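Enquirer: See work_14.pdb below, with PDB, C-alpha atoms and all ligand atoms.
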```pdb
MODEL        1
ATOM      1  CA  MET A   1     -20.873  -7.273 -21.493
ATOM      2  CA  ASP A   2     -23.551  -8.676 -23.828
ATOM      3  CA  ILE A   3     -23.910  -6.683 -27.023
ATOM      4  CA  GLY A   4     -27.464  -6.605 -28.447
ATOM      5  CA  SER A   5     -27.555  -3.343 -30.354
ATOM      6  CA  ILE A   6     -24.968  -1.668 -32.563
ATOM      7  CA  GLY A   7     -24.891   1.989 -33.613
ATOM      8  CA  ILE A   8     -23.070   2.671 -36.874
ATOM      9  CA  VAL A   9     -21.912   6.186 -37.733
ATOM     10  CA  GLY A  10     -21.605   6.765 -41.483
ATOM     11  CA  ALA A  11     -23.665   5.082 -44.207
ATOM     12  CA  GLY A  12     -21.008   5.108 -46.935
ATOM     13  CA  GLN A  13     -19.188   2.201 -48.571
ATOM     14  CA  MET A  14     -18.017   0.706 -45.257
ATOM     15  CA  GLY A  15     -20.938   1.759 -43.018
ATOM     16  CA  ASN A  16     -23.607   0.137 -45.180
ATOM     17  CA  GLY A  17     -21.653  -3.127 -45.387
ATOM     18  CA  ILE A  18     -21.163  -3.122 -41.598
ATOM     19  CA  ALA A  19     -24.910  -2.514 -41.066
ATOM     20  CA  HIS A  20     -25.665  -5.385 -43.485
ATOM     21  CA  VAL A  21     -23.535  -7.985 -41.685
ATOM     22  CA  CYS A  22     -24.505  -6.851 -38.161
ATOM     23  CA  ALA A  23     -28.252  -6.977 -38.921
ATOM     24  CA  LEU A  24     -27.872 -10.361 -40.617
ATOM     25  CA  ALA A  25     -26.137 -11.689 -37.499
ATOM     26  CA  GLY A  26     -29.167 -10.670 -35.404
ATOM     27  CA  TYR A  27     -28.041  -7.345 -33.919
ATOM     28  CA  ASP A  28     -30.406  -4.385 -33.748
ATOM     29  CA  VAL A  29     -28.733  -1.736 -35.876
ATOM     30  CA  VAL A  30     -29.099   2.039 -35.791
ATOM     31  CA  LEU A  31     -27.410   3.577 -38.834
ATOM     32  CA  THR A  32     -26.754   7.304 -38.880
ATOM     33  CA  ASP A  33     -25.394   9.765 -41.426
ATOM     34  CA  VAL A  34     -25.501  13.538 -41.932
ATOM     35  CA  SER A  35     -27.104  12.974 -45.335
ATOM     36  CA  ASP A  36     -30.602  11.558 -45.780
ATOM     37  CA  ASP A  37     -29.694  10.703 -49.370
ATOM     38  CA  ALA A  38     -26.732   8.593 -48.139
ATOM     39  CA  LEU A  39     -29.040   6.751 -45.702
ATOM     40  CA  GLN A  40     -31.597   5.979 -48.401
ATOM     41  CA  LYS A  41     -28.895   4.801 -50.818
ATOM     42  CA  ALA A  42     -27.347   2.637 -48.085
ATOM     43  CA  VAL A  43     -30.644   0.867 -47.307
ATOM     44  CA  ALA A  44     -31.310   0.310 -51.041
ATOM     45  CA  LEU A  45     -27.815  -1.157 -51.459
ATOM     46  CA  ILE A  46     -28.162  -3.414 -48.415
ATOM     47  CA  GLU A  47     -31.493  -4.626 -49.808
ATOM     48  CA  SER A  48     -30.010  -5.410 -53.230
ATOM     49  CA  ASN A  49     -26.929  -7.119 -51.727
ATOM     50  CA  LEU A  50     -29.223  -9.227 -49.484
ATOM     51  CA  ASP A  51     -31.443 -10.075 -52.473
ATOM     52  CA  ARG A  52     -28.356 -11.289 -54.361
ATOM     53  CA  GLN A  53     -27.402 -13.449 -51.368
ATOM     54  CA  VAL A  54     -30.954 -14.895 -51.319
ATOM     55  CA  SER A  55     -30.851 -15.610 -55.057
ATOM     56  CA  ARG A  56     -27.583 -17.534 -54.544
ATOM     57  CA  ASP A  57     -28.997 -19.511 -51.594
ATOM     58  CA  LYS A  58     -26.521 -17.944 -49.182
ATOM     59  CA  VAL A  59     -29.248 -16.283 -47.085
ATOM     60  CA  SER A  60     -32.868 -17.363 -46.521
ATOM     61  CA  GLN A  61     -35.780 -15.064 -47.356
ATOM     62  CA  ALA A  62     -36.739 -14.970 -43.643
ATOM     63  CA  ASP A  63     -33.194 -13.947 -42.596
ATOM     64  CA  ARG A  64     -33.156 -11.268 -45.303
ATOM     65  CA  ASP A  65     -36.488  -9.852 -44.075
ATOM     66  CA  GLY A  66     -35.366 -10.062 -40.449
ATOM     67  CA  ALA A  67     -32.109  -8.229 -41.205
ATOM     68  CA  LEU A  68     -33.914  -5.386 -42.984
ATOM     69  CA  ASP A  69     -36.410  -5.100 -40.095
ATOM     70  CA  ARG A  70     -33.548  -4.746 -37.635
ATOM     71  CA  ILE A  71     -32.006  -1.706 -39.379
ATOM     72  CA  ARG A  72     -33.236   1.714 -38.255
ATOM     73  CA  THR A  73     -31.858   4.914 -39.817
ATOM     74  CA  THR A  74     -31.584   8.368 -38.313
ATOM     75  CA  MET A  75     -29.889  11.690 -39.006
ATOM     76  CA  THR A  76     -29.714  12.437 -35.267
ATOM     77  CA  LEU A  77     -26.429  11.169 -33.863
ATOM     78  CA  THR A  78     -27.714  11.098 -30.292
ATOM     79  CA  ASP A  79     -30.344   8.483 -31.314
ATOM     80  CA  LEU A  80     -27.454   6.012 -30.937
ATOM     81  CA  GLY A  81     -27.472   6.677 -27.179
ATOM     82  CA  ALA A  82     -29.094   3.370 -26.207
ATOM     83  CA  CYS A  83     -26.722   1.167 -28.270
ATOM     84  CA  ASP A  84     -24.299  -1.230 -26.554
ATOM     85  CA  LEU A  85     -21.562  -0.839 -29.150
ATOM     86  CA  ILE A  86     -20.753   2.050 -31.482
ATOM     87  CA  ILE A  87     -18.821   1.495 -34.718
ATOM     88  CA  GLU A  88     -17.729   4.799 -36.209
ATOM     89  CA  ALA A  89     -17.277   4.500 -39.986
ATOM     90  CA  ALA A  90     -17.386   8.152 -40.999
ATOM     91  CA  THR A  91     -15.026  10.049 -43.299
ATOM     92  CA  GLU A  92     -11.373   9.153 -42.731
ATOM     93  CA  ARG A  93     -10.507  12.533 -41.179
ATOM     94  CA  GLU A  94      -9.316  12.769 -37.609
ATOM     95  CA  ASP A  95     -11.064  16.098 -36.879
ATOM     96  CA  VAL A  96     -14.388  14.670 -38.105
ATOM     97  CA  LYS A  97     -14.006  11.575 -35.914
ATOM     98  CA  HIS A  98     -13.129  13.650 -32.810
ATOM     99  CA  ALA A  99     -16.196  15.861 -33.422
ATOM    100  CA  ILE A 100     -18.490  12.809 -33.775
ATOM    101  CA  PHE A 101     -17.304  11.245 -30.505
ATOM    102  CA  LYS A 102     -17.584  14.594 -28.713
ATOM    103  CA  GLU A 103     -21.215  15.030 -29.815
ATOM    104  CA  LEU A 104     -22.102  11.396 -29.109
ATOM    105  CA  LEU A 105     -20.554  10.966 -25.640
ATOM    106  CA  PRO A 106     -23.127  12.804 -23.466
ATOM    107  CA  SER A 107     -25.947  10.546 -24.734
ATOM    108  CA  LEU A 108     -24.112   7.227 -24.148
ATOM    109  CA  ARG A 109     -24.390   4.924 -21.141
ATOM    110  CA  PRO A 110     -21.093   4.559 -19.214
ATOM    111  CA  GLU A 111     -20.707   0.903 -20.262
ATOM    112  CA  THR A 112     -21.138   1.504 -24.012
ATOM    113  CA  ILE A 113     -18.110   0.419 -26.041
ATOM    114  CA  LEU A 114     -16.775   2.858 -28.626
ATOM    115  CA  THR A 115     -14.934   1.654 -31.715
ATOM    116  CA  SER A 116     -13.648   3.132 -34.939
ATOM    117  CA  ASN A 117     -13.388   1.484 -38.349
ATOM    118  CA  THR A 118     -10.434   3.756 -39.157
ATOM    119  CA  SER A 119      -7.933   2.238 -41.567
ATOM    120  CA  SER A 120      -4.927   4.048 -40.136
ATOM    121  CA  ILE A 121      -5.620   6.803 -37.575
ATOM    122  CA  SER A 122      -4.181   6.207 -34.085
ATOM    123  CA  ILE A 123      -6.725   4.460 -31.846
ATOM    124  CA  THR A 124      -4.867   5.683 -28.764
ATOM    125  CA  ARG A 125      -5.171   9.308 -29.911
ATOM    126  CA  LEU A 126      -8.891   8.970 -30.780
ATOM    127  CA  ALA A 127      -9.533   7.231 -27.430
ATOM    128  CA  SER A 128      -7.632   9.841 -25.405
ATOM    129  CA  ARG A 129     -10.137  12.528 -26.390
ATOM    130  CA  THR A 130     -13.103  10.507 -25.024
ATOM    131  CA  ASP A 131     -14.219   9.818 -21.440
ATOM    132  CA  ARG A 132     -13.547   6.051 -21.819
ATOM    133  CA  PRO A 133     -10.148   5.186 -23.354
ATOM    134  CA  GLU A 134     -10.332   1.747 -21.688
ATOM    135  CA  LYS A 135     -13.607   1.029 -23.534
ATOM    136  CA  PHE A 136     -12.320   2.183 -26.919
ATOM    137  CA  MET A 137     -10.725   0.139 -29.692
ATOM    138  CA  GLY A 138     -10.273  -0.248 -33.445
ATOM    139  CA  PHE A 139     -12.809  -2.434 -35.297
ATOM    140  CA  HIS A 140     -11.520  -2.493 -38.873
ATOM    141  CA  PHE A 141     -13.572  -4.222 -41.580
ATOM    142  CA  MET A 142     -12.319  -4.891 -45.109
ATOM    143  CA  ASN A 143     -14.107  -3.878 -48.310
ATOM    144  CA  PRO A 144     -16.501  -5.357 -49.537
ATOM    145  CA  VAL A 145     -17.624  -6.039 -45.976
ATOM    146  CA  PRO A 146     -20.196  -8.788 -46.724
ATOM    147  CA  VAL A 147     -17.534 -10.767 -48.622
ATOM    148  CA  MET A 148     -14.267 -10.240 -46.758
ATOM    149  CA  GLN A 149     -13.635 -12.579 -43.833
ATOM    150  CA  LEU A 150     -11.250 -10.448 -41.777
ATOM    151  CA  VAL A 151     -11.848  -7.916 -39.022
ATOM    152  CA  GLU A 152      -8.732  -6.311 -37.560
ATOM    153  CA  LEU A 153      -9.172  -5.651 -33.827
ATOM    154  CA  ILE A 154      -6.818  -2.925 -32.681
ATOM    155  CA  ARG A 155      -6.057  -2.321 -29.027
ATOM    156  CA  GLY A 156      -5.269   1.240 -27.995
ATOM    157  CA  ILE A 157      -2.723   1.623 -25.212
ATOM    158  CA  ALA A 158      -5.527   1.789 -22.599
ATOM    159  CA  THR A 159      -8.033  -0.743 -24.047
ATOM    160  CA  ASP A 160      -9.116  -3.183 -21.324
ATOM    161  CA  GLU A 161      -9.491  -6.941 -21.709
ATOM    162  CA  ALA A 162     -13.300  -6.939 -21.247
ATOM    163  CA  THR A 163     -13.692  -4.527 -24.166
ATOM    164  CA  TYR A 164     -11.408  -6.604 -26.349
ATOM    165  CA  ARG A 165     -13.306  -9.812 -25.487
ATOM    166  CA  ALA A 166     -16.716  -8.210 -26.130
ATOM    167  CA  CYS A 167     -15.556  -7.103 -29.599
ATOM    168  CA  GLN A 168     -14.049 -10.510 -30.303
ATOM    169  CA  THR A 169     -17.432 -12.109 -29.483
ATOM    170  CA  VAL A 170     -19.151  -9.767 -31.955
ATOM    171  CA  VAL A 171     -16.674 -10.773 -34.686
ATOM    172  CA  GLU A 172     -17.413 -14.461 -33.987
ATOM    173  CA  ARG A 173     -21.171 -13.854 -34.186
ATOM    174  CA  LEU A 174     -20.630 -12.108 -37.547
ATOM    175  CA  GLU A 175     -18.935 -15.369 -38.602
ATOM    176  CA  LYS A 176     -15.781 -13.473 -39.453
ATOM    177  CA  GLN A 177     -12.212 -14.015 -38.358
ATOM    178  CA  ALA A 178     -10.452 -11.539 -36.048
ATOM    179  CA  ALA A 179      -6.765 -10.646 -36.246
ATOM    180  CA  THR A 180      -5.394  -8.618 -33.367
ATOM    181  CA  ALA A 181      -3.092  -5.676 -34.020
ATOM    182  CA  GLU A 182      -1.344  -3.282 -31.684
ATOM    183  CA  ASP A 183      -1.856   0.408 -32.308
ATOM    184  CA  PHE A 184       0.964   1.460 -34.653
ATOM    185  CA  PRO A 185       0.537   3.328 -37.959
ATOM    186  CA  ALA A 186      -1.857   1.550 -40.369
ATOM    187  CA  PHE A 187      -1.964  -1.563 -38.114
ATOM    188  CA  ILE A 188      -1.319  -4.858 -40.004
ATOM    189  CA  VAL A 189      -3.320  -5.064 -43.261
ATOM    190  CA  ASN A 190      -2.600  -1.571 -44.540
ATOM    191  CA  ARG A 191       0.994  -1.556 -43.228
ATOM    192  CA  ILE A 192       1.664  -4.401 -45.673
ATOM    193  CA  LEU A 193      -0.913  -3.797 -48.438
ATOM    194  CA  MET A 194      -0.361  -0.067 -49.035
ATOM    195  CA  PRO A 195       3.424  -0.203 -49.589
ATOM    196  CA  MET A 196       2.713  -2.974 -52.147
ATOM    197  CA  ILE A 197       0.172  -0.785 -53.952
ATOM    198  CA  ASN A 198       2.538   2.222 -53.723
ATOM    199  CA  GLU A 199       5.347   0.092 -55.200
ATOM    200  CA  ALA A 200       3.046  -0.906 -58.073
ATOM    201  CA  VAL A 201       2.496   2.815 -58.770
ATOM    202  CA  TYR A 202       6.303   3.318 -58.757
ATOM    203  CA  VAL A 203       6.634   0.441 -61.246
ATOM    204  CA  LEU A 204       4.164   2.272 -63.508
ATOM    205  CA  TYR A 205       5.846   5.681 -62.878
ATOM    206  CA  GLU A 206       9.287   4.313 -63.797
ATOM    207  CA  GLY A 207       7.937   2.662 -66.962
ATOM    208  CA  VAL A 208       8.806  -0.852 -65.869
ATOM    209  CA  GLY A 209       5.302  -2.049 -66.764
ATOM    210  CA  THR A 210       1.932  -0.838 -68.046
ATOM    211  CA  VAL A 211      -1.255  -0.772 -65.936
ATOM    212  CA  THR A 212      -2.397  -4.071 -67.433
ATOM    213  CA  SER A 213       0.984  -5.808 -67.291
ATOM    214  CA  ILE A 214       1.384  -4.864 -63.609
ATOM    215  CA  ASP A 215      -2.104  -6.100 -62.683
ATOM    216  CA  THR A 216      -1.842  -9.252 -64.792
ATOM    217  CA  SER A 217       1.535 -10.039 -63.188
ATOM    218  CA  LEU A 218       0.139 -10.005 -59.662
ATOM    219  CA  LYS A 219      -3.159 -11.709 -60.565
ATOM    220  CA  LEU A 220      -1.632 -14.581 -62.493
ATOM    221  CA  GLY A 221       1.846 -14.556 -60.972
ATOM    222  CA  ALA A 222       0.891 -14.278 -57.316
ATOM    223  CA  ASN A 223      -2.771 -15.372 -57.369
ATOM    224  CA  HIS A 224      -4.143 -12.055 -56.112
ATOM    225  CA  PRO A 225      -7.908 -11.671 -56.826
ATOM    226  CA  MET A 226      -7.305  -8.143 -58.134
ATOM    227  CA  GLY A 227      -4.138  -6.512 -59.448
ATOM    228  CA  PRO A 228      -2.670  -3.765 -57.200
ATOM    229  CA  LEU A 229      -3.750  -0.884 -59.461
ATOM    230  CA  GLU A 230      -7.278  -2.277 -59.860
ATOM    231  CA  LEU A 231      -7.377  -2.693 -56.075
ATOM    232  CA  ALA A 232      -6.136   0.895 -55.574
ATOM    233  CA  ASP A 233      -9.013   2.127 -57.782
ATOM    234  CA  PHE A 234     -11.421  -0.032 -55.726
ATOM    235  CA  ILE A 235     -10.170   1.297 -52.358
ATOM    236  CA  GLY A 236      -9.855   4.923 -53.589
ATOM    237  CA  LEU A 237      -6.569   6.593 -54.493
ATOM    238  CA  ASP A 238      -7.163   9.350 -51.908
ATOM    239  CA  THR A 239      -7.469   6.689 -49.191
ATOM    240  CA  CYS A 240      -4.280   4.955 -50.427
ATOM    241  CA  LEU A 241      -2.389   8.264 -50.381
ATOM    242  CA  ALA A 242      -3.719   9.195 -46.925
ATOM    243  CA  ILE A 243      -2.576   5.831 -45.519
ATOM    244  CA  MET A 244       0.891   6.177 -47.137
ATOM    245  CA  ASN A 245       1.175   9.611 -45.517
ATOM    246  CA  VAL A 246       0.240   8.149 -42.113
ATOM    247  CA  LEU A 247       2.971   5.501 -42.566
ATOM    248  CA  HIS A 248       5.534   8.052 -43.795
ATOM    249  CA  ASP A 249       4.814  10.542 -40.994
ATOM    250  CA  GLY A 250       4.338   7.970 -38.235
ATOM    251  CA  LEU A 251       7.338   5.738 -38.978
ATOM    252  CA  ALA A 252       9.660   8.418 -40.443
ATOM    253  CA  ASP A 253      11.133   6.016 -42.986
ATOM    254  CA  THR A 254      11.633   6.960 -46.655
ATOM    255  CA  LYS A 255      10.534   3.486 -47.710
ATOM    256  CA  TYR A 256       6.962   4.740 -47.147
ATOM    257  CA  ARG A 257       7.373   7.810 -49.429
ATOM    258  CA  PRO A 258       4.152   8.104 -51.488
ATOM    259  CA  CYS A 259       4.834   7.761 -55.209
ATOM    260  CA  PRO A 260       4.617  11.207 -56.909
ATOM    261  CA  LEU A 261       2.331   9.661 -59.547
ATOM    262  CA  LEU A 262      -0.153   8.612 -56.845
ATOM    263  CA  THR A 263      -0.124  12.180 -55.501
ATOM    264  CA  LYS A 264      -0.643  13.549 -59.015
ATOM    265  CA  TYR A 265      -3.695  11.344 -59.657
ATOM    266  CA  VAL A 266      -5.249  12.450 -56.362
ATOM    267  CA  GLU A 267      -4.539  16.108 -57.190
ATOM    268  CA  ALA A 268      -6.285  15.581 -60.539
ATOM    269  CA  GLY A 269      -9.341  14.195 -58.730
ATOM    270  CA  TRP A 270      -8.775  10.796 -60.368
ATOM    271  CA  LEU A 271      -9.636   8.817 -57.271
ATOM    272  CA  GLY A 272     -10.590   5.470 -58.841
ATOM    273  CA  ARG A 273     -14.018   3.884 -59.202
ATOM    274  CA  LYS A 274     -15.818   6.475 -57.102
ATOM    275  CA  THR A 275     -14.910   9.271 -59.555
ATOM    276  CA  GLN A 276     -15.123   6.989 -62.611
ATOM    277  CA  ARG A 277     -11.433   7.481 -63.312
ATOM    278  CA  GLY A 278      -8.227   6.254 -61.733
ATOM    279  CA  PHE A 279      -5.641   3.917 -63.214
ATOM    280  CA  TYR A 280      -8.589   2.620 -65.278
ATOM    281  CA  ASP A 281     -11.326   4.592 -67.024
ATOM    282  CA  TYR A 282     -14.829   3.566 -65.835
ATOM    283  CA  ARG A 283     -16.768   6.181 -67.863
TER     284      ARG A 283
HETATM  285  N1  LIG B 301     -21.116  -6.364 -51.649
HETATM  286  C1  LIG B 301     -21.609  -7.589 -51.420
HETATM  287  N2  LIG B 301     -21.221  -8.690 -52.104
HETATM  288  C2  LIG B 301     -20.321  -8.517 -53.081
HETATM  289  C3  LIG B 301     -19.763  -7.255 -53.384
HETATM  290  C4  LIG B 301     -20.208  -6.158 -52.620
HETATM  291  N3  LIG B 301     -19.717  -4.907 -52.820
HETATM  292  N4  LIG B 301     -18.878  -7.410 -54.394
HETATM  293  C5  LIG B 301     -18.881  -8.709 -54.710
HETATM  294  N5  LIG B 301     -19.741  -9.382 -53.933
HETATM  295  C6  LIG B 301     -20.000 -10.834 -53.922
HETATM  296  C7  LIG B 301     -20.638 -11.301 -55.199
HETATM  297  O1  LIG B 301     -22.038 -11.253 -55.123
HETATM  298  C8  LIG B 301     -20.159 -12.735 -55.283
HETATM  299  O2  LIG B 301     -20.976 -13.543 -54.463
HETATM  300  P1  LIG B 301     -21.181 -15.113 -54.740
HETATM  301  O3  LIG B 301     -19.915 -15.796 -54.296
HETATM  302  O4  LIG B 301     -22.337 -15.440 -53.871
HETATM  303  O5  LIG B 301     -21.427 -15.268 -56.197
HETATM  304  C9  LIG B 301     -18.773 -12.688 -54.677
HETATM  305  O6  LIG B 301     -18.726 -11.493 -53.882
HETATM  306  C10 LIG B 301     -17.703 -12.632 -55.739
HETATM  307  O7  LIG B 301     -17.985 -11.514 -56.567
HETATM  308  P2  LIG B 301     -17.886 -11.508 -58.155
HETATM  309  O8  LIG B 301     -18.104 -12.884 -58.680
HETATM  310  O9  LIG B 301     -18.726 -10.389 -58.684
HETATM  311  O10 LIG B 301     -16.431 -10.997 -58.455
HETATM  312  P3  LIG B 301     -15.051 -11.553 -58.036
HETATM  313  O11 LIG B 301     -15.016 -13.023 -57.950
HETATM  314  O12 LIG B 301     -14.131 -10.841 -58.947
HETATM  315  O13 LIG B 301     -14.844 -10.988 -56.546
HETATM  316  C11 LIG B 301     -14.090  -9.370 -55.002
HETATM  317  C12 LIG B 301     -14.951  -9.633 -56.231
HETATM  318  C13 LIG B 301     -14.631 -10.166 -53.808
HETATM  319  C14 LIG B 301     -14.196  -7.889 -54.703
HETATM  320  C15 LIG B 301     -12.624  -9.849 -55.320
HETATM  321  O14 LIG B 301     -12.167  -9.245 -56.495
HETATM  322  C16 LIG B 301     -11.644  -9.539 -54.230
HETATM  323  O15 LIG B 301     -11.538 -10.234 -53.231
HETATM  324  N6  LIG B 301     -10.890  -8.444 -54.405
HETATM  325  C17 LIG B 301      -9.933  -7.980 -53.396
HETATM  326  C18 LIG B 301     -10.654  -7.220 -52.330
HETATM  327  C19 LIG B 301      -9.722  -6.752 -51.263
HETATM  328  O16 LIG B 301      -8.521  -6.973 -51.254
HETATM  329  N7  LIG B 301     -10.291  -6.032 -50.285
HETATM  330  C20 LIG B 301      -9.540  -5.446 -49.211
HETATM  331  C21 LIG B 301      -9.217  -4.057 -49.568
HETATM  332  S1  LIG B 301      -8.253  -3.337 -48.303
HETATM  333  C22 LIG B 301      -9.367  -2.781 -47.202
HETATM  334  O17 LIG B 301     -10.560  -2.857 -47.331
HETATM  335  C23 LIG B 301      -8.764  -2.141 -46.022
HETATM  336  C24 LIG B 301      -8.617  -0.681 -46.048
HETATM  337  O18 LIG B 301      -8.639  -0.104 -44.977
HETATM  338  C25 LIG B 301      -8.341   0.061 -47.280
ENDMDL
END
```
Could you render the structure from this file as structure tokens?
Expert:
Amino acid sequence: MDIGSIGIVGAGQMGNGIAHVCALAGYDVVLTDVSDDALQKAVALIESNLDRQVSRDKVSQADRDGALDRIRTTMTLTDLGACDLIIEAATEREDVKHAIFKELLPSLRPETILTSNTSSISITRLASRTDRPEKFMGFHFMNPVPVMQLVELIRGIATDEATYRACQTVVERLEKQAATAEDFPAFIVNRILMPMINEAVYVLYEGVGTVTSIDTSLKLGANHPMGPLELADFIGLDTCLAIMNVLHDGLADTKYRPCPLLTKYVEAGWLGRKTQRGFYDYR
């Protein structure tokens, strides 16, 4: 199936980046959110990120203008009914995602492909509550979306080959690289990345190193662009904890036990950059 239009649910950190890259690649984009404020902020952010790309000669003025023209916003979920592909990038809560798909389904054409940008929730379980598990898969972007090259494509147990190929073609048109993962807890990237971040929190908790010595060690000693604690603040400590819990519950192995210090920070509301305080103080 040829994809021409993409509906994106959720205009937050991931949703606005996904809208940016899809519009820039020539897709008609309909971006929806429950908050008008979130939609306005998302469009302003896309505009400023595109302007920065123009100023660095990465994008032409005409492509920038074209991308912005191709993005339509709406607070009515069913306005996504005519889209060929849906990418759900709403809050990382399973009940919220089920409710979105339930409300959306009656307005969709039978051939529309449904995907979720979830970082760890079971694709098979999300798909099983829709009318089209064979046309459902995981479409997982990395943050910041305009910069990161990878998209993880996750097949649910019922995903058919045509759906997989259609999504793979979209990734190619976005000029990103796909990596295919089977549907097991946290897929590939977060199955490997989150235990590393959790271990860095244990290293801090046990007093082996300070925040700066841990981050400096991985930046200069392993050539990571960000240290693990800086990266945890960037991703959001609540997201890191939620993914560790998915790994711990889903794989029933104590090696995935979330560090008590990570839990304590989340309980304090110190969630990283988004709350101005995490392992670092951004105030
Ligand atoms: N949106 C758009 N562009 C952005 C951006 C954003 N939010 N943040 C940075 N950029 C662009 C900058 O404009 C700059 O562009 P140019 O090359 O054209 O100059 C480029 O990215 C590099 O940015 P900076 O020079 O400001 O800073 P940097 O060199 O320190 O890079 C970074 C910033 C790209 C974020 C880098 O630190 C990095 O790669 N960090 C690791 C990010 C990472 O691991 N992400 C994955 C997280 S895991 C995940 O997302 C999965 C999940 O489910 C949790």
Enquirer: Which neighbours of segment 29-35 of chain A fall inside 8 Å, counting only C-alpha atoms, when residues of the same chain fewer than 2 positions from it are skipped, and could you give them as a VMD selection string?
Expert: chain A and resid 5 to 11 15 19 22 to 23 27 37 to 39 70 to 77 79 to 80 83
Enquirer: Draw an axis-aligned box tight on the listed atoms of segment 39-55 of chain A, then pad every side by 3 Å and write out centre and edge lengths in Å to one decimal as lines of an AutoDock Vina configuration file.
Expert:
```
center_x = -29.3
center_y = -4.4
center_z = -50.4
size_x = 10.7
size_y = 28.4
size_z = 15.4
```
Enquirer: Could you state which residues are captured by the PyMOL selection byres (((not hetatm)) within 8 of (chain B and resi 301)) in this file, as a PyMOL selection string?
Expert: chain A and resi 17+49+52-53+56+58+118-120+140-148+189-190+193+224-226+231+234-235+239-240
Enquirer: Put those residues in a file: C-alpha atoms, as a JSON list (two decimals), in the coordinates of the input.
Expert:
```json
[["chain", "number", "residue", "atom", "x", "y", "z"],
["A", 17, "GLY", "CA", -21.65, -3.13, -45.39],
["A", 49, "ASN", "CA", -26.93, -7.12, -51.73],
["A", 52, "ARG", "CA", -28.36, -11.29, -54.36],
["A", 53, "GLN", "CA", -27.40, -13.45, -51.37],
["A", 56, "ARG", "CA", -27.58, -17.53, -54.54],
["A", 58, "LYS", "CA", -26.52, -17.94, -49.18],
["A", 118, "THR", "CA", -10.43, 3.76, -39.16],
["A", 119, "SER", "CA", -7.93, 2.24, -41.57],
["A", 120, "SER", "CA", -4.93, 4.05, -40.14],
["A", 140, "HIS", "CA", -11.52, -2.49, -38.87],
["A", 141, "PHE", "CA", -13.57, -4.22, -41.58],
["A", 142, "MET", "CA", -12.32, -4.89, -45.11],
["A", 143, "ASN", "CA", -14.11, -3.88, -48.31],
["A", 144, "PRO", "CA", -16.50, -5.36, -49.54],
["A", 145, "VAL", "CA", -17.62, -6.04, -45.98],
["A", 146, "PRO", "CA", -20.20, -8.79, -46.72],
["A", 147, "VAL", "CA", -17.53, -10.77, -48.62],
["A", 148, "MET", "CA", -14.27, -10.24, -46.76],
["A", 189, "VAL", "CA", -3.32, -5.06, -43.26],
["A", 190, "ASN", "CA", -2.60, -1.57, -44.54],
["A", 193, "LEU", "CA", -0.91, -3.80, -48.44],
["A", 224, "HIS", "CA", -4.14, -12.06, -56.11],
["A", 225, "PRO", "CA", -7.91, -11.67, -56.83],
["A", 226, "MET", "CA", -7.30, -8.14, -58.13],
["A", 231, "LEU", "CA", -7.38, -2.69, -56.08],
["A", 234, "PHE", "CA", -11.42, -0.03, -55.73],
["A", 235, "ILE", "CA", -10.17, 1.30, -52.36],
["A", 239, "THR", "CA", -7.47, 6.69, -49.19],
["A", 240, "CYS", "CA", -4.28, 4.96, -50.43]]
```
Enquirer: Fewer than 5 positions away in the same chain doesn't count, so skip those; otherwise give me all residues within 10 Å of Ile3 of chain A, counting only C-alpha atoms, as a list in words.
Expert: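 Here the answer would be Tyr27, Asp28, Cys83, Asp84, Leu85, Thr112, Ile113, Ala166, Cys167, Thr169 and Val170 of chain A.
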Enquirer: In Å, how far is it from atom CA of Glu92 of chain A to atom CA of Lys176 of chain A?
Expert: 23.3 Å
Enquirer: Show me, as a PyMOL selection string, the residues that have an atom within 9 Å of Ala127 of chain A when counting only C-alpha atoms, minus same-chain residues fewer than 5 positions from it.
Expert: chain A and resi 114-115+122+132-137+156+158-159
Enquirer: Could you work out how far atom CA of Arg129 of chain A lies from atom CA of Ala82 of chain A, giving the answer in Å with one decimal?
Expert: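 Here the two named atoms are 21.1 Å from each other.
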Enquirer: Which distance in Å separates atom CA of Asp65 of chain A and atom CA of Glu175 of chain A, to one decimal?
Expert: 19.2 Å
Enquirer: So which residues touch Thr275 of chain A within 12 Å, counting only C-alpha atoms, skipping near sequence neighbours fewer than 3 positions away, as a list of chain:residue names?
Expert: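 Using only C-alpha atoms, the neighbours found are A:Asp233, A:Phe234, A:Ile235, A:Gly236, A:Leu237, A:Asp238, A:Tyr265, A:Val266, A:Ala268, A:Gly269, A:Trp270, A:Leu271, A:Gly272, A:Gly278, A:Phe279, A:Tyr280, A:Asp281, A:Tyr282, A:Arg283.
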Enquirer: Assuming the chain letters and numbering stay as they are in my file, what does the PyMOL selection byres (((chain A and resi 102-106) around 8) and not hetatm) actually select? List them as JSON, numbers by chain.
Expert: {"A": [77, 78, 80, 81, 98, 99, 100, 101, 107, 108, 130, 131]}
Enquirer: In terms of the shortest atom-to-atom distance over all atoms listed in the file, which of A:Gly227, A:Gly66, A:Pro110, A:Gly12 is closest to Ala89 of chain A?
Expert: A:Gly12
Enquirer: Which of these, A:Glu152, A:Glu199, A:Glu161, A:Asp63, has the shortest distance to Ala179 of chain A once you count only C-alpha atoms?
Expert: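 Checking each candidate against Ala179 of chain A, we get A:Glu152 as the closest.
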Enquirer: On this structure, the PyMOL selection byres (((chain A and resi 258) around 6) and not hetatm) would catch which residues? List them as an mmCIF file with C-alpha atoms, keeping the file's coordinate frame, sorted by chain and number.
Expert:
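File out.cif, as written:
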```
data_model
loop_
_atom_site.group_PDB
_atom_site.id
_atom_site.type_symbol
_atom_site.label_atom_id
_atom_site.label_comp_id
_atom_site.auth_asym_id
_atom_site.auth_seq_id
_atom_site.Cartn_x
_atom_site.Cartn_y
_atom_site.Cartn_z
ATOM 1 C CA MET A 244 0.891 6.177 -47.137
ATOM 2 C CA ARG A 257 7.373 7.810 -49.429
ATOM 3 C CA CYS A 259 4.834 7.761 -55.209
#
```
